[in-house]
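The next block holds one structure in the form of structure tokens; read it before the comments.
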Amino acid sequence: MTNRVKKNICLSLSHQQNPQGLKYQLLSIELTSEDRIIYPEELTDLELPSGINTTIGVIISGRAPIWLHNYLVHELHPTAWIASYEPRFHCAIVVATHSRLVKIGQRIGLEQQQDSPLCTGLMIVGPPNSGKSLLSHALFKALLSQFPNIYLQRANWDGEGNYVLELTPEANGDGETFKAANKGGLTPQFFPFQAEAILQLRRQKSLVIVDVGGMVQPEKQPILEACSHYLIISSLPEEVESWHKFCRDRGNLKPVAVIHSKLTECEVIHQEQPYLEMTCGPWVAGQNRLLSPALITAVQKLVKI
């Protein structure tokens, strides 16, 4: 294996073979700064690891901006084929090829870890406008530096992803307009698709955080079956019990915390057992709220070491 570190980007190369006997090279991306932020200027002197064999394919893997992945696809053009790793299916998707061994859009199956226990699948639930997306993102960012193998799955179609929450106010403009322009809709395949993705992620990751949207819906049963724990954040006290019934009673999931969401500055812990219950706020887009140490500790306990 070869390694090259350039500023906040580490690229490593290994040679592997999938269960069907297809040989490939795995180009892994690791962002090494504590906050995992990189800048486009870092592409200027970024170099590929030495030892790349152009006669076989390359799979690119790693959490990084789309523009970095695009740059690597361009730089790897001379290789036989290029694929992008898709963790939700534990496969690689071919995006470029000069070889008859693979074709565009093909899924390349990768070896599964045998008998590996599933990590925790933590559903973030609660009524609309309570702060689910903000909390999910804040938890993910707070844990990422210590546990880089965690994953945040947005199992909803409201157009609000990490990219929206991480935009600067100048770039974002009217966030609600941006979300509306990218909003999708519910289809019969949506929740089964998400459930399968969650299960596949739980086989590979140390924690999967799942944002499932703000409605108690029977269509979400596949998500209940794919997760193991839940956390409620609610601006409406009267809605909390319905989410307990949905997640705990119907889904047999374990409660981790109940957060009573407020728009005013506050933080009060009501209980820590059998699960954490607290009132805190505000949960407002564009305001980077520091999470309670008690909440971070409660979620850290779920991470598979």
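By order in the structure tokens, chains are A, B, ...; within a chain, residues start at 1; ligands start at 1, following the order shown.
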Note to self: Which residues are close to Pro255 (chain A), i.e. within 6 Å by only C-alpha atoms, leaving aside same-chain residues fewer than 2 positions away? Reply as a list in words.
What the structure shows: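 Everything that qualifies: His229, Tyr230 and Ala257 of chain A.
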Next item on the list: Can you check which residues of region 260-301 of chain A DSSP gives as strand (DSSP E or B) on the backbone and send them as a ChimeraX atom specification?
Entry: /A:260-261,266-271,276-281
Write to file, as a PDB file, in the first residue's frame, the residues of the selection just made, with C-alpha atoms.
```pdb
ATOM      1  CA  HIS A 260     -38.249  19.103  24.045  1.00  0.00           C
ATOM      2  CA  SER A 261     -37.324  21.647  21.408  1.00  0.00           C
ATOM      3  CA  CYS A 266     -32.281  27.080  27.330  1.00  0.00           C
ATOM      4  CA  GLU A 267     -30.903  23.725  28.443  1.00  0.00           C
ATOM      5  CA  VAL A 268     -32.517  21.755  31.259  1.00  0.00           C
ATOM      6  CA  ILE A 269     -32.003  18.045  31.938  1.00  0.00           C
ATOM      7  CA  HIS A 270     -35.111  16.402  33.412  1.00  0.00           C
ATOM      8  CA  GLN A 271     -33.829  12.818  33.692  1.00  0.00           C
ATOM      9  CA  LEU A 276     -32.146  11.094  28.628  1.00  0.00           C
ATOM     10  CA  GLU A 277     -34.929  13.702  28.668  1.00  0.00           C
ATOM     11  CA  MET A 278     -34.183  17.389  28.360  1.00  0.00           C
ATOM     12  CA  THR A 279     -35.485  20.747  27.164  1.00  0.00           C
ATOM     13  CA  CYS A 280     -33.135  22.804  25.026  1.00  0.00           C
ATOM     14  CA  GLY A 281     -32.952  25.309  22.218  1.00  0.00           C
TER      15      GLY A 281
END
```
